[in-house]
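Data block below; observations after.
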Amino acid sequence: MTDFMSRQQGHLMLGGRVDLNVLAARHGTPLELAYLPQITRQVHGMMGWAAQAARATAYAGTFLYAYATKANFAADVVRTALEAGAHYETSAAADVKIAHHLWKQGILKADRYLICNGSKEPHYTDAILRLRRAGHAAVISVLDDLDEFAALRTCPLPMQFGVREREAGNRDGAHLGNDRFGLTAGEMADVVAGLAGTPHTLVMYHAMIGSQVEDADHFLTTLRASIRNYCELRQRVPTLRFFNYGGGTPTSGYRLDFEFDYTGFLTLLMEEMRALCLEYSVPMPDLVGEFGRYTVANHSVYLFDVGQVKRGAEGQPDWYLINGSLMVSIPDSVLVPDQKFVTLPLDGWDRPLRAVRLGSRRTCDSDDVYPRPGKAPLMLPDSGVGTVIAICGVGAYQQMISGRGGAHHCLSPEPRRIIFEEKDGQLVQRVEAAQTQAELMRLIGYQSPMRQPAPTVPMHPSLWPTPVPARRIKALRLRQRPQVIQAGIPT
Ligand SMILES: Cc1ncc(COP(=O)(O)O)c(C=O)c1O
């Protein structure tokens, strides 16, 4: 059916190996399934297509695949992408701290680039500087404004910088939110001037036009002006060697009829790059793509059960009410206009179809429905109660936006999660339990009934009405120090 979902002997199969019907029967629903080999397949697939395109165009630069971890920070996911050969793109201070931790553990290799994007508050620049000082030299800070440059250029060790082009995301005017990223040409000139006399170099030009760009011609046409800008800057800055087109590479995860010629796109991009570099007499840069959705969207699936059917309002489709929350599981269905998720029944493919909307039985929110009002309903078998449905393409952004591991809307618990991975040529699985009521209560501050409430913290000594001996103040301060739990991640 797609490059990640197939139907074999009446069963739905994820990655051709994970039988959704068997798992639903064995574990019940709701259930989350994560098939990590799909991530490896995505990374290797793109690397192969880039190699093919480079051969076809005799492209002189290399191609770097970076995983945009913001799509899914889960440890298994990031580790799998790195093991497949990906470089690492960060979006936040915490992300750099995770990378630092992985680098210390040897999971992020010294030759893998860390490409640091986004607007950088001091704790983000500090995390970058700490990693650089600790010895990871392959860090490229892509500047989003001049303040962060001022903070980072103080580093006594040589730093590699990138500049993000502000214009790139605004050229097609599709998403106003892109306007807040990056530098103008004038600000880039300030960066170039500011690097003079420092040990640092400008190595990367970053131009990202959007996300899930399914029209290859539009992708290229929109990038063309950025490639020219790169070439002009390269004429003045000989250390520039990477052209990074950011995210935007589309995933197959959201539509059954998805088609995108990845090799064709990369071939056209390399041809364009080569022609413009020739025109400007500059060398062909190494190409970098930052792949978020493309890497992870299609590696995971949710399974839900229809527990109740309700007649819809006059002229409206009926409701299939499920044992989960759409808002929690696929928040983009509410946040992103026109966002679609492939929704398939496990059984009943030969039954008559019925137009329905899904509604959540785990929240009492009128917005917790899919598809949204005004959008076409789903066509699912008329099997009603007991129909099990798979919602596909949920591996990118959904859990991060929803706050994986947290307390969710109407305390809808996260379901049991089964993670499949390849170990020594064998597919192995790990089962993580569903969130429990006790866990949810602890997350939002309820004490376990078995434990005594925590002692209240005394008022700060300076606010006490009578003077307190210095020795006692010191003892109190020690006791009041807040506990910071970092789960093994360096601060
Ligand atoms: C700088 C940057 N790179 C890469 C990505 C990943 O984009 P996508 O998920 O479209 O691959 C994003 C997403 O917001 C981004 O902001």
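Residues in the structure tokens are named by chain (A, B, ... in the order shown) and by number from 1 within that chain; ligands are numbered from 1 in the order shown.
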Report as a PyMOL selection string which protein, DNA and RNA residues come within 7 Å of ligand 1, using only C-alpha atoms and all ligand atoms.
chain A and resi 68+71+117-118+208+210-212+246-250+290-294
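We find atom CA of Val306 of chain A and atom CA of Arg416 of chain A to be spaced 17.4 Å apart.
Separating atom CA of Gly48 of chain A from atom CA of Ala84 of chain A is a distance of 12.2 Å.
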May I have the residues within 12 Å of Trp103 of chain A as a list in words, using only C-alpha atoms and disregarding those fewer than 5 positions away in the same chain?
Arg79, Leu82, His87, Tyr88, Val96, Lys97, Ile98, Leu108, Lys109, Ala110, Asp111, Arg112, Tyr113, Leu114, Leu131, Arg132, Ala134, Gly135, His136, Ala137, Ala138, Val139, Ile489 and Pro490 of chain A
Measuring atom to atom with only C-alpha atoms, identify which of A:Met204, A:Ala275, A:Ala193, A:Leu378 is nearest to Thr343 of chain A.
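Between A:Met204, A:Ala275, A:Ala193, A:Leu378, the residue approaching Thr343 of chain A most closely is A:Leu378.
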